[in-house]
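Text of the file target.cif, holding mmCIF, C-alpha atoms:
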```cif
data_entry
#
loop_
_atom_site.group_PDB
_atom_site.id
_atom_site.type_symbol
_atom_site.label_atom_id
_atom_site.label_comp_id
_atom_site.auth_asym_id
_atom_site.auth_seq_id
_atom_site.Cartn_x
_atom_site.Cartn_y
_atom_site.Cartn_z
ATOM 1 C CA MET A 19 21.429 11.102 6.137
ATOM 2 C CA GLU A 20 25.089 10.566 5.392
ATOM 3 C CA GLY A 21 25.706 8.110 2.562
ATOM 4 C CA GLY A 22 22.239 8.474 1.019
ATOM 5 C CA GLN A 23 18.836 7.009 1.656
ATOM 6 C CA ALA A 24 19.081 3.764 3.585
ATOM 7 C CA ASP A 25 15.736 2.489 2.284
ATOM 8 C CA ILE A 26 16.281 3.204 -1.429
ATOM 9 C CA TRP A 27 17.036 -0.462 -2.241
ATOM 10 C CA ASP A 28 14.152 -1.903 -0.190
ATOM 11 C CA ALA A 29 12.046 -4.339 -2.227
ATOM 12 C CA LEU A 30 8.519 -2.952 -2.576
ATOM 13 C CA VAL A 31 6.752 -5.209 -5.070
ATOM 14 C CA LYS A 32 7.158 -8.571 -6.754
ATOM 15 C CA VAL A 33 6.206 -8.711 -10.439
ATOM 16 C CA THR A 34 5.550 -12.080 -12.077
ATOM 17 C CA ALA A 35 4.084 -13.049 -15.439
ATOM 18 C CA ASP A 36 3.047 -16.306 -17.065
ATOM 19 C CA VAL A 37 4.783 -16.845 -20.413
ATOM 20 C CA THR A 38 3.655 -19.565 -22.818
ATOM 21 C CA ASN A 39 5.682 -20.986 -25.690
ATOM 22 C CA THR A 40 2.970 -21.373 -28.338
ATOM 23 C CA GLY A 41 5.462 -22.604 -30.929
ATOM 24 C CA GLN A 42 6.417 -26.142 -31.868
ATOM 25 C CA MET A 43 10.055 -25.817 -30.795
ATOM 26 C CA ASP A 44 11.704 -25.311 -27.421
ATOM 27 C CA GLY A 45 13.314 -21.911 -27.048
ATOM 28 C CA ALA A 46 14.130 -18.802 -25.043
ATOM 29 C CA GLU A 47 12.322 -15.487 -25.308
ATOM 30 C CA ALA A 48 13.202 -12.152 -23.770
ATOM 31 C CA ALA A 49 10.678 -10.832 -21.270
ATOM 32 C CA GLN A 50 11.001 -7.210 -20.206
ATOM 33 C CA LEU A 51 9.370 -5.296 -17.357
ATOM 34 C CA TYR A 52 8.533 -1.629 -17.898
ATOM 35 C CA VAL A 53 7.079 0.769 -15.335
ATOM 36 C CA GLY A 54 5.235 4.010 -16.048
ATOM 37 C CA ILE A 55 6.096 6.353 -13.194
ATOM 38 C CA PRO A 56 3.762 9.352 -12.760
ATOM 39 C CA GLY A 57 5.398 12.532 -14.063
ATOM 40 C CA ALA A 58 8.226 10.598 -15.760
ATOM 41 C CA PRO A 59 8.712 8.972 -19.189
ATOM 42 C CA LEU A 60 5.816 6.675 -20.109
ATOM 43 C CA LYS A 61 7.841 3.434 -19.994
ATOM 44 C CA GLN A 62 11.082 2.774 -18.151
ATOM 45 C CA LEU A 63 12.839 -0.597 -18.301
ATOM 46 C CA ARG A 64 13.025 -1.987 -14.776
ATOM 47 C CA GLY A 65 13.733 -5.683 -15.282
ATOM 48 C CA PHE A 66 14.323 -8.418 -17.821
ATOM 49 C CA THR A 67 14.857 -12.141 -18.097
ATOM 50 C CA LYS A 68 15.191 -14.689 -20.897
ATOM 51 C CA PRO A 69 13.696 -17.980 -19.746
ATOM 52 C CA PHE A 70 14.019 -21.223 -21.688
ATOM 53 C CA ILE A 71 10.542 -22.668 -22.247
ATOM 54 C CA LYS A 72 9.668 -25.992 -23.853
ATOM 55 C CA ALA A 73 7.153 -26.046 -26.709
ATOM 56 C CA GLY A 74 3.602 -25.792 -25.366
ATOM 57 C CA GLU A 75 4.803 -25.101 -21.818
ATOM 58 C CA THR A 76 3.832 -22.149 -19.623
ATOM 59 C CA LYS A 77 6.350 -20.819 -17.133
ATOM 60 C CA ARG A 78 5.855 -18.222 -14.401
ATOM 61 C CA ILE A 79 8.716 -15.748 -14.534
ATOM 62 C CA TYR A 80 9.903 -13.390 -11.809
ATOM 63 C CA PHE A 81 11.744 -10.183 -12.577
ATOM 64 C CA GLY A 82 13.537 -9.959 -9.251
ATOM 65 C CA PRO A 83 12.651 -7.486 -6.526
ATOM 66 C CA THR A 84 11.279 -4.154 -7.698
ATOM 67 C CA THR A 85 12.839 -1.627 -5.342
ATOM 68 C CA ARG A 86 11.900 1.794 -4.035
ATOM 69 C CA ARG A 87 14.546 3.192 -6.419
ATOM 70 C CA ASP A 88 12.876 1.459 -9.405
ATOM 71 C CA LEU A 89 9.632 3.313 -8.652
ATOM 72 C CA SER A 90 11.048 6.701 -7.604
ATOM 73 C CA VAL A 91 11.914 9.967 -9.323
ATOM 74 C CA TRP A 92 14.852 12.224 -8.515
ATOM 75 C CA ASP A 93 13.822 15.488 -6.839
ATOM 76 C CA THR A 94 16.469 18.035 -7.827
ATOM 77 C CA ALA A 95 15.354 20.574 -5.217
ATOM 78 C CA ARG A 96 15.557 18.100 -2.322
ATOM 79 C CA GLN A 97 18.450 16.125 -3.831
ATOM 80 C CA LYS A 98 16.884 12.760 -3.091
ATOM 81 C CA TRP A 99 14.713 10.013 -4.560
ATOM 82 C CA LEU A 100 10.965 10.393 -4.023
ATOM 83 C CA LEU A 101 8.340 7.674 -4.160
ATOM 84 C CA GLN A 102 4.992 9.162 -5.159
ATOM 85 C CA SER A 103 1.600 8.055 -3.872
ATOM 86 C CA ASP A 104 -0.168 7.404 -7.175
ATOM 87 C CA ASP A 105 -1.028 4.809 -9.817
ATOM 88 C CA TYR A 106 1.886 3.294 -11.736
ATOM 89 C CA ALA A 107 1.473 1.476 -15.050
ATOM 90 C CA VAL A 108 3.211 -1.901 -15.335
ATOM 91 C CA PHE A 109 3.967 -3.491 -18.723
ATOM 92 C CA VAL A 110 5.508 -6.851 -19.673
ATOM 93 C CA GLY A 111 6.526 -8.015 -23.128
ATOM 94 C CA ALA A 112 9.290 -8.929 -25.536
ATOM 95 C CA SER A 113 10.342 -5.308 -26.181
ATOM 96 C CA SER A 114 9.234 -1.728 -25.522
ATOM 97 C CA ARG A 115 7.001 -1.946 -28.606
ATOM 98 C CA ILE A 116 5.511 -5.382 -27.896
ATOM 99 C CA LEU A 117 3.879 -5.248 -24.454
ATOM 100 C CA PRO A 118 0.836 -7.548 -24.382
ATOM 101 C CA LEU A 119 0.574 -7.579 -20.580
ATOM 102 C CA GLU A 120 -0.454 -4.418 -18.777
ATOM 103 C CA GLY A 121 -1.405 -3.783 -15.193
ATOM 104 C CA LYS A 122 -1.607 -1.122 -12.523
ATOM 105 C CA LEU A 123 0.200 -0.696 -9.235
ATOM 106 C CA THR A 124 -1.129 1.736 -6.632
ATOM 107 C CA ILE A 125 1.201 3.218 -4.023
#
```
Can the structure in the file be given as structure tokens, please?
Amino acid sequence: MEGGQADIWDALVKVTADVTNTGQMDGAEAAQLYVGIPGAPLKQLRGFTKPFIKAGETKRIYFGPTTRRDLSVWDTARQKWLLQSDDYAVFVGASSRILPLEGKLTI
């Protein structure tokens, strides 16, 4: 296909997480989305946000659409992005070392 894969930017999944400010002051906290793609590095940053949350409040955050490209690996032999049928690990937290939320996505 000339110009690349037309479907590479198609939204495939929607990832949300509930974040609670357990402190006594209002504030903003970084929330990062990491995906573990089979056969690729364990954790790859695929989204982030920094919501403002009032003390004691819980807010549902959305990382934006997770696209086919976000979940694919580059196949050097075929020279295109490939989406694998497998289990993908999904992590959410304040940084790559602090990921209290973990889930699984099956494609």
Select all residues near (12.8, -13.4, -17.3) (cut-off 7 Å, inclusive, file coordinates), counting all atoms listed in the file, and output them as a list in words.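 Within the cut-off we find Ala48, Ala49, Phe66, Thr67, Lys68, Pro69, Ile79, Tyr80 and Phe81 of chain A.
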Would you translate the PyMOL selection byres ((chain A and resi 46) around 9) into the concrete set of residues it matches in this file, as a PyMOL selection string? chain A and resi 39+44-45+47-48+68-72
List the residues matched by the PyMOL selection byres ((chain A and resi 83) around 10) in the displayed structure as a list in words, ordered by chain and then by residue number.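 Expected selection for the PyMOL selection byres ((chain A and resi 83) around 10) here is Trp27, Asp28, Ala29, Leu30, Val31, Lys32, Val33, Arg64, Gly65, Tyr80, Phe81, Gly82, Thr84, Thr85, Arg86 and Asp88 of chain A.
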Expansion of the PyMOL selection byres ((chain A and resi 91) around 10) into residues, as a short mmCIF file (atom, residue, chain, number, x, y, z; two decimals) with C-alpha atoms, in the frame of the given file:
```cif
data_model
loop_
_atom_site.label_atom_id
_atom_site.label_comp_id
_atom_site.auth_asym_id
_atom_site.auth_seq_id
_atom_site.Cartn_x
_atom_site.Cartn_y
_atom_site.Cartn_z
CA ILE A 55 6.10 6.35 -13.19
CA PRO A 56 3.76 9.35 -12.76
CA GLY A 57 5.40 12.53 -14.06
CA ALA A 58 8.23 10.60 -15.76
CA ARG A 86 11.90 1.79 -4.04
CA ARG A 87 14.55 3.19 -6.42
CA ASP A 88 12.88 1.46 -9.40
CA LEU A 89 9.63 3.31 -8.65
CA SER A 90 11.05 6.70 -7.60
CA TRP A 92 14.85 12.22 -8.52
CA ASP A 93 13.82 15.49 -6.84
CA THR A 94 16.47 18.04 -7.83
CA LYS A 98 16.88 12.76 -3.09
CA TRP A 99 14.71 10.01 -4.56
CA LEU A 100 10.96 10.39 -4.02
CA LEU A 101 8.34 7.67 -4.16
CA GLN A 102 4.99 9.16 -5.16
#
```
Return the padded bounding box of region 94-99 of chain A as JSON: axis-aligned, built from all atoms listed in the file, 6 Å added on each side, with centre and edge lengths in Å to one decimal.
```
{"center_x": 16.6, "center_y": 15.3, "center_z": -5.1, "size_x": 15.7, "size_y": 22.6, "size_z": 17.5}
```
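Computed from the coordinates, the CA of Leu63 (chain A) to CA of Leu51 (chain A) distance equals 5.9 Å.
Atom pair CA of Thr38 (chain A) / CA of Glu120 (chain A) has a distance of 16.2 Å (rounded to one decimal).
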Env of Val108 (chain A): 7 Å cut, atoms = only C-alpha atoms, seq-sep filter 6 positions within chain, self excluded. Answer as a list in words.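 The residues satisfying every condition are Tyr52, Val53, Gly54, Glu120, Gly121, Lys122 and Leu123 of chain A.
Interatomic distance, CA of Ala112 (chain A) to CA of Pro59 (chain A): 19.0 Å.
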